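Listing of work-v5.csv; format and content: CSV, C-alpha atoms.
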chain,number,residue,atom,x,y,z
A,1,ASP,CA,3.1,17.4,0.3
A,2,THR,CA,6.7,16.6,-0.3
A,3,GLY,CA,6.4,12.8,-0.4
A,4,VAL,CA,6.4,10.5,-3.4
A,5,SER,CA,3.3,10.9,-5.5
A,6,GLN,CA,1.8,8.3,-7.8
A,7,ASN,CA,-1.1,8.7,-10.2
A,8,PRO,CA,-3.6,7.3,-10.7
A,9,ARG,CA,-4.3,5.6,-7.4
A,10,HIS,CA,-6.5,3.0,-9.1
A,11,LYS,CA,-6.8,1.8,-12.7
A,12,ILE,CA,-9.2,-0.8,-14.1
A,13,THR,CA,-8.5,-1.8,-17.7
A,14,LYS,CA,-9.5,-4.4,-20.1
A,15,ARG,CA,-7.1,-7.2,-21.1
A,16,GLY,CA,-5.1,-6.1,-24.1
A,17,GLN,CA,-5.2,-2.4,-23.4
A,18,ASN,CA,-2.1,-0.3,-22.6
A,19,VAL,CA,-1.8,1.6,-19.4
A,20,THR,CA,0.6,4.2,-18.1
A,21,PHE,CA,1.4,5.2,-14.5
A,22,ARG,CA,3.2,8.3,-13.3
A,23,CYS,CA,5.5,8.8,-10.3
A,24,ASP,CA,6.8,12.1,-8.9
A,25,PRO,CA,9.6,11.4,-6.5
A,26,ILE,CA,10.8,13.6,-3.6
A,27,SER,CA,12.3,16.6,-5.3
A,28,GLU,CA,15.9,16.3,-4.3
A,29,HIS,CA,16.1,12.5,-4.8
A,30,ASN,CA,18.1,11.4,-7.7
A,31,ARG,CA,17.2,7.7,-7.5
A,32,LEU,CA,13.8,6.3,-8.5
A,33,TYR,CA,12.6,2.7,-8.3
A,34,TRP,CA,9.6,0.8,-9.5
A,35,TYR,CA,8.3,-2.3,-7.6
A,36,ARG,CA,5.3,-4.5,-8.0
A,37,GLN,CA,3.4,-6.1,-5.1
A,38,THR,CA,0.8,-8.8,-5.3
A,39,LEU,CA,-1.6,-9.7,-2.5
A,40,GLY,CA,0.2,-11.4,0.5
A,41,GLN,CA,3.6,-10.8,-1.0
A,42,GLY,CA,6.4,-8.2,-0.4
A,43,PRO,CA,7.3,-5.8,-3.2
A,44,GLU,CA,9.3,-7.1,-6.1
A,45,PHE,CA,11.9,-5.0,-7.8
A,46,LEU,CA,11.2,-4.0,-11.4
A,47,THR,CA,13.7,-1.3,-12.3
A,48,TYR,CA,15.6,1.7,-11.1
A,49,PHE,CA,16.9,5.0,-12.4
A,50,GLN,CA,19.7,7.2,-11.3
A,51,ASN,CA,18.8,10.6,-12.7
A,52,GLU,CA,17.5,9.9,-16.2
A,53,ALA,CA,19.6,6.7,-16.7
A,54,GLN,CA,17.8,3.4,-16.3
A,55,LEU,CA,20.6,1.4,-14.5
A,56,GLU,CA,18.9,-1.9,-13.6
A,57,LYS,CA,16.0,-4.0,-14.9
A,58,SER,CA,14.6,-7.1,-13.3
A,59,ARG,CA,13.9,-10.2,-15.3
A,60,LEU,CA,10.4,-9.7,-14.2
A,61,LEU,CA,10.2,-6.7,-16.5
A,62,SER,CA,9.0,-8.3,-19.7
A,63,ASP,CA,9.1,-6.7,-23.1
A,64,ARG,CA,5.6,-5.4,-22.5
A,65,PHE,CA,6.9,-3.2,-19.7
A,66,SER,CA,8.8,0.0,-20.3
A,67,ALA,CA,9.8,2.8,-17.9
A,68,GLU,CA,11.2,6.2,-18.6
A,69,ARG,CA,12.5,9.1,-16.6
A,70,PRO,CA,13.2,11.7,-19.3
A,71,LYS,CA,14.5,14.6,-17.4
A,72,GLY,CA,15.6,12.9,-14.2
A,73,SER,CA,12.5,14.1,-12.4
A,74,PHE,CA,9.1,12.2,-12.8
A,75,SER,CA,8.9,8.7,-14.2
A,76,THR,CA,6.4,6.8,-16.2
A,77,LEU,CA,5.8,3.0,-16.3
A,78,GLU,CA,3.9,1.7,-19.3
A,79,ILE,CA,2.4,-1.8,-19.7
A,80,GLN,CA,1.4,-2.8,-23.2
A,81,ARG,CA,-1.2,-5.4,-24.0
A,82,THR,CA,-2.1,-5.9,-20.4
A,83,GLU,CA,-2.8,-9.4,-19.1
A,84,GLN,CA,-4.7,-10.5,-16.0
A,85,GLY,CA,-1.4,-11.5,-14.4
A,86,ASP,CA,-0.4,-7.9,-14.5
A,87,SER,CA,-3.0,-7.1,-11.8
A,88,ALA,CA,-1.0,-5.8,-8.8
A,89,MET,CA,0.0,-2.7,-6.8
A,90,TYR,CA,2.7,-0.8,-8.7
A,91,LEU,CA,4.9,1.1,-6.2
A,92,CYS,CA,7.3,3.8,-6.8
A,93,ALA,CA,10.1,4.8,-4.4
A,94,SER,CA,12.8,7.4,-4.4
A,95,SER,CA,16.1,7.9,-2.5
A,96,LEU,CA,19.0,10.2,-2.3
A,97,GLY,CA,21.9,8.1,-3.4
A,98,GLY,CA,25.6,8.5,-4.0
A,99,ALA,CA,28.7,6.3,-4.4
A,100,ALA,CA,28.9,5.5,-0.8
A,101,ARG,CA,25.2,5.6,0.1
A,102,GLY,CA,23.0,2.7,0.6
A,103,THR,CA,19.3,2.4,0.3
A,104,GLU,CA,16.9,4.5,2.3
A,105,ALA,CA,14.0,4.6,0.0
A,106,PHE,CA,10.6,6.2,0.5
A,107,PHE,CA,7.6,4.8,-1.2
A,108,GLY,CA,4.5,6.4,-2.7
A,109,GLN,CA,1.0,5.1,-2.1
A,110,GLY,CA,1.0,3.0,-5.2
A,111,THR,CA,-1.2,2.5,-8.2
A,112,ARG,CA,-3.5,-0.5,-8.0
A,113,LEU,CA,-4.1,-2.0,-11.4
A,114,THR,CA,-6.9,-4.4,-12.1
A,115,VAL,CA,-7.0,-6.1,-15.5
A,116,VAL,CA,-10.4,-7.5,-16.3
B,1,GLN,CA,14.6,-21.2,-1.4
B,2,LYS,CA,13.7,-17.5,-1.4
B,3,GLU,CA,16.5,-15.0,-0.7
B,4,VAL,CA,14.6,-13.5,2.1
B,5,GLU,CA,12.3,-15.5,4.4
B,6,GLN,CA,9.7,-14.0,6.7
B,7,ASP,CA,7.0,-15.7,8.6
B,8,PRO,CA,3.7,-14.2,7.2
B,9,GLY,CA,1.9,-14.8,10.5
B,10,PRO,CA,-0.7,-13.6,11.3
B,11,LEU,CA,0.6,-12.5,14.7
B,12,SER,CA,-1.9,-11.3,17.4
B,13,VAL,CA,-0.8,-9.8,20.7
B,14,PRO,CA,-2.4,-7.8,23.5
B,15,GLU,CA,-1.8,-4.1,23.9
B,16,GLY,CA,1.4,-3.4,25.8
B,17,ALA,CA,3.1,-6.6,24.7
B,18,ILE,CA,6.6,-6.8,23.3
B,19,VAL,CA,6.5,-7.9,19.6
B,20,SER,CA,9.4,-9.7,17.9
B,21,LEU,CA,9.5,-9.9,14.1
B,22,ASN,CA,12.2,-11.8,12.3
B,23,CYS,CA,13.7,-12.4,8.8
B,24,THR,CA,16.4,-14.7,7.6
B,25,TYR,CA,18.3,-14.4,4.4
B,26,SER,CA,20.7,-16.3,2.2
B,27,ASN,CA,22.7,-13.7,0.3
B,28,SER,CA,25.8,-12.7,2.2
B,29,ALA,CA,26.2,-9.7,0.0
B,30,PHE,CA,23.4,-7.9,1.8
B,31,GLN,CA,24.7,-4.9,3.7
B,32,TYR,CA,21.7,-2.7,4.2
B,33,PHE,CA,18.7,-3.8,6.2
B,34,MET,CA,15.3,-2.0,6.4
B,35,TRP,CA,12.0,-2.5,8.1
B,36,TYR,CA,8.9,-1.1,6.5
B,37,ARG,CA,5.4,-0.8,7.9
B,38,GLN,CA,2.5,-1.1,5.5
B,39,TYR,CA,-1.1,-0.4,6.3
B,40,SER,CA,-3.8,-2.0,4.2
B,41,ARG,CA,-3.9,-0.5,0.6
B,42,LYS,CA,-1.1,1.9,1.4
B,43,GLY,CA,2.5,2.1,0.3
B,44,PRO,CA,5.3,0.8,2.7
B,45,GLU,CA,6.5,3.3,5.2
B,46,LEU,CA,10.2,3.2,6.3
B,47,LEU,CA,10.6,2.5,10.0
B,48,MET,CA,14.2,1.5,10.5
B,49,TYR,CA,17.3,1.5,8.4
B,50,THR,CA,20.5,-0.3,9.5
B,51,TYR,CA,23.9,-0.7,7.8
B,52,SER,CA,25.8,-4.0,8.5
B,53,SER,CA,25.5,-5.7,11.9
B,54,GLY,CA,24.4,-4.3,15.2
B,55,ASN,CA,21.5,-2.7,17.0
B,56,LYS,CA,19.6,0.5,16.3
B,57,GLU,CA,16.9,2.0,18.5
B,58,ASP,CA,14.2,4.5,17.7
B,59,GLY,CA,11.6,5.1,20.3
B,60,ARG,CA,9.7,1.9,20.9
B,61,PHE,CA,11.4,0.2,17.9
B,62,THR,CA,14.7,-1.7,18.0
B,63,ALA,CA,16.3,-3.3,15.0
B,64,GLN,CA,18.9,-6.0,15.3
B,65,VAL,CA,21.1,-7.4,12.6
B,66,ASP,CA,23.3,-10.5,13.0
B,67,LYS,CA,25.1,-11.0,9.7
B,68,SER,CA,27.0,-14.1,11.0
B,69,SER,CA,23.6,-15.8,11.3
B,70,LYS,CA,22.0,-14.0,8.4
B,71,TYR,CA,19.1,-13.0,10.8
B,72,ILE,CA,17.5,-9.7,11.4
B,73,SER,CA,14.9,-8.7,14.0
B,74,LEU,CA,12.5,-5.9,14.8
B,75,PHE,CA,11.3,-5.5,18.4
B,76,ILE,CA,8.3,-3.3,19.3
B,77,ARG,CA,7.9,-2.4,22.9
B,78,ASP,CA,4.7,-1.3,24.6
B,79,SER,CA,2.7,-2.3,21.4
B,80,GLN,CA,-0.3,-0.2,20.5
B,81,PRO,CA,-3.4,-0.9,18.4
B,82,SER,CA,-2.1,1.6,15.9
B,83,ASP,CA,0.9,-0.7,15.4
B,84,SER,CA,-1.5,-3.2,13.7
B,85,ALA,CA,-0.1,-3.5,10.1
B,86,THR,CA,2.0,-5.6,7.9
B,87,TYR,CA,5.7,-5.4,8.7
B,88,LEU,CA,8.1,-6.0,5.8
B,89,CYS,CA,11.8,-6.6,6.1
B,90,ALA,CA,14.0,-5.5,3.1
B,91,MET,CA,17.7,-5.7,2.4
B,92,SER,CA,20.1,-4.8,-0.4
B,93,PRO,CA,23.8,-5.3,-1.3
B,94,TYR,CA,26.3,-2.5,-1.0
B,95,ASN,CA,25.7,0.3,-3.4
B,96,ASN,CA,22.9,-1.6,-5.0
B,97,ASN,CA,19.4,-0.5,-4.8
B,98,ASP,CA,17.7,-3.7,-5.8
B,99,MET,CA,16.0,-4.2,-2.4
B,100,ARG,CA,14.7,-7.7,-1.7
B,101,PHE,CA,11.7,-7.9,0.5
B,102,GLY,CA,10.2,-10.5,2.8
B,103,ALA,CA,6.6,-11.5,2.3
B,104,GLY,CA,5.6,-9.4,5.3
B,105,THR,CA,4.2,-10.4,8.8
B,106,ARG,CA,0.7,-9.3,9.5
B,107,LEU,CA,0.5,-8.0,13.1
B,108,THR,CA,-2.7,-7.3,15.1
B,109,VAL,CA,-2.4,-5.5,18.5
B,110,LYS,CA,-5.7,-6.0,20.4
B,111,PRO,CA,-6.8,-3.4,22.9
Give the structure from this file in structure tokens form.
Amino acid sequence: DTGVSQNPRHKITKRGQNVTFRCDPISEHNRLYWYRQTLGQGPEFLTYFQNEAQLEKSRLLSDRFSAERPKGSFSTLEIQRTEQGDSAMYLCASSLGGAARGTEAFFGQGTRLTVV
Amino acid sequence: QKEVEQDPGPLSVPEGAIVSLNCTYSNSAFQYFMWYRQYSRKGPELLMYTYSSGNKEDGRFTAQVDKSSKYISLFIRDSQPSDSATYLCAMSPYNNNDMRFGAGTRLTVKP
């Protein structure tokens, strides 16, 4: 399968615990995005990477959230000291971008986080 | 006011009907307009991608962008039960990948 892959698909954690999600983008895509989606809402932008550089971060991304893309391939999103309000679907997307390209992003299946 | 407004529906139509889905937006910097389809508990799937104003057709789907009115539409002809899903509009400024999504319209096509 050459699509965007996210693991795990589901995660249940206790409040206060740390969690980490992984995203493997489409292999030739240099841009990688993280979004969060709650029930009945559209995805909200969290952060984006071009290669290994994190170029934008939303104000939604509190200090408890950190994302990395160490070698410009896969990415991880870590949430520290989880809160019940962190329960959501975390979506990863990737695209092939350049100076004159816009956004044609392809999403993975998401990681559904439940904080109890 | 949200940057992107989309009627959440739900919208229910009989099989074979023409479906019209719409979004309005407030940010005149948006240049790229997308429609995604999302089935329950799945990630969004890209349907249509349009740059600036105009129409784009792909099979039964037609996307329209009217930047002067800040209004975009997706038309689905000969709708099928398999089209039942949530449809999300999304848009972003030039060379900026911070896509802003509508809340999604939930569509049901009844056989």
Q: Please identify all polymer residues lying at most 10 Å from the point (1.5, -9.5, -12.8) (file coordinates), using all atoms listed in the file, and present the result as JSON, numbers by chain.
A: {"A": [36, 37, 38, 60, 61, 82, 83, 84, 85, 86, 87, 88, 89, 90, 113, 114, 115]}
(Q) Would you compute the distance between atom CA of B:Phe61 and atom CA of B:Phe75? Give it in Å to one decimal. (A)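 Calculated distance between atom CA of B:Phe61 and atom CA of B:Phe75 is 5.7 Å.
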Q.
Using all atoms listed in the file, I'd like every residue of chain A that has an atom within 9 Å of chain B; please write them out as a PyMOL selection string.
A. chain A and resi 31+33+40-48+56+58+89+91-92+97-110+112
(Q) To one decimal place in Å, what is the distance between atom CA of B:Ser12 and atom CA of B:Tyr39? (A)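 Atom CA of B:Tyr39 lies 15.6 Å from atom CA of B:Ser12.
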Q: Enter the distance from atom CA of B:Glu57 to atom CA of B:Gln80, in Å, rounded to one decimal.
A: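 It comes out at 17.5 Å.
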Please define a box with edges along x, y and z of the file around all atoms of stretch 15-23 of chain A given in the file, extend it by 5 Å on each side, and return its centre and edge lengths in Å to one decimal, as AutoDock Vina command-line options.
--center_x -0.8 --center_y 0.8 --center_z -17.2 --size_x 22.6 --size_y 26.0 --size_z 23.8
Q | Residue among A:Ser94, A:Asn51, A:Thr20, A:Thr2 lying closest to A:Leu77, counting all atoms listed in the file | A | A:Thr20
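Of the residues listed (A:Cys23, A:Ile79, A:Ala93, A:Leu32), A:Ile79 shows the shortest atom-to-atom separation from A:Ser66; distances use only C-alpha atoms.
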Q: Choose the residue, out of B:Ile72, B:Cys23, B:Ala85, B:Ala29, that has the smallest atom-to-atom separation from B:Leu107; count all atoms listed in the file.
A: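 Ranked by minimum distance to B:Leu107, first place goes to B:Ala85.
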Q) In terms of the shortest atom-to-atom distance over all atoms listed in the file, which of A:Arg15, A:Asp63, A:Gly3, A:His10 is closest to A:Ser27? A)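 Closest candidate: A:Gly3.
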(Q) Could you check the closest approach to B:Ile76 for each of B:Ala17, B:Ser28, B:Pro10, B:Ser53 and tell me which residue wins, using all atoms listed in the file? (A) B:Ala17
Q.
Need the shell around B:Glu3: protein/DNA/RNA residues with any atom at most 8 Å away, counting all atoms listed in the file. Skip same-chain ones fewer than 2 positions apart. Format as an MDAnalysis selection string?
A. chainID B and resid 1 5 25:27 100
Keeping C-alpha atoms for every residue in the selection just given, could you write it to a file as a PDB file, in the coordinates of the input?
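Wrote result-v3.pdb, looks like this:
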ATOM      1  CA  GLN B   1      14.600 -21.200  -1.400  1.00  0.00           C
ATOM      2  CA  GLU B   5      12.300 -15.500   4.400  1.00  0.00           C
ATOM      3  CA  TYR B  25      18.300 -14.400   4.400  1.00  0.00           C
ATOM      4  CA  SER B  26      20.700 -16.300   2.200  1.00  0.00           C
ATOM      5  CA  ASN B  27      22.700 -13.700   0.300  1.00  0.00           C
ATOM      6  CA  ARG B 100      14.700  -7.700  -1.700  1.00  0.00           C
TER       7      ARG B 100
END
Q | Pick from A:Thr111, A:Arg81, A:Ser73, A:Ala53, whichever lies nearest to A:Asn7 using all atoms listed in the file | A |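 Ranking A:Thr111, A:Arg81, A:Ser73, A:Ala53 by distance to A:Asn7, first place goes to A:Thr111.
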Q | Within 9 Å of file point (13.1, 12.3, -12.0), counting all atoms listed in the file, expressed as a ChimeraX atom specification | A | /A:23-27,29-32,49-52,69-75
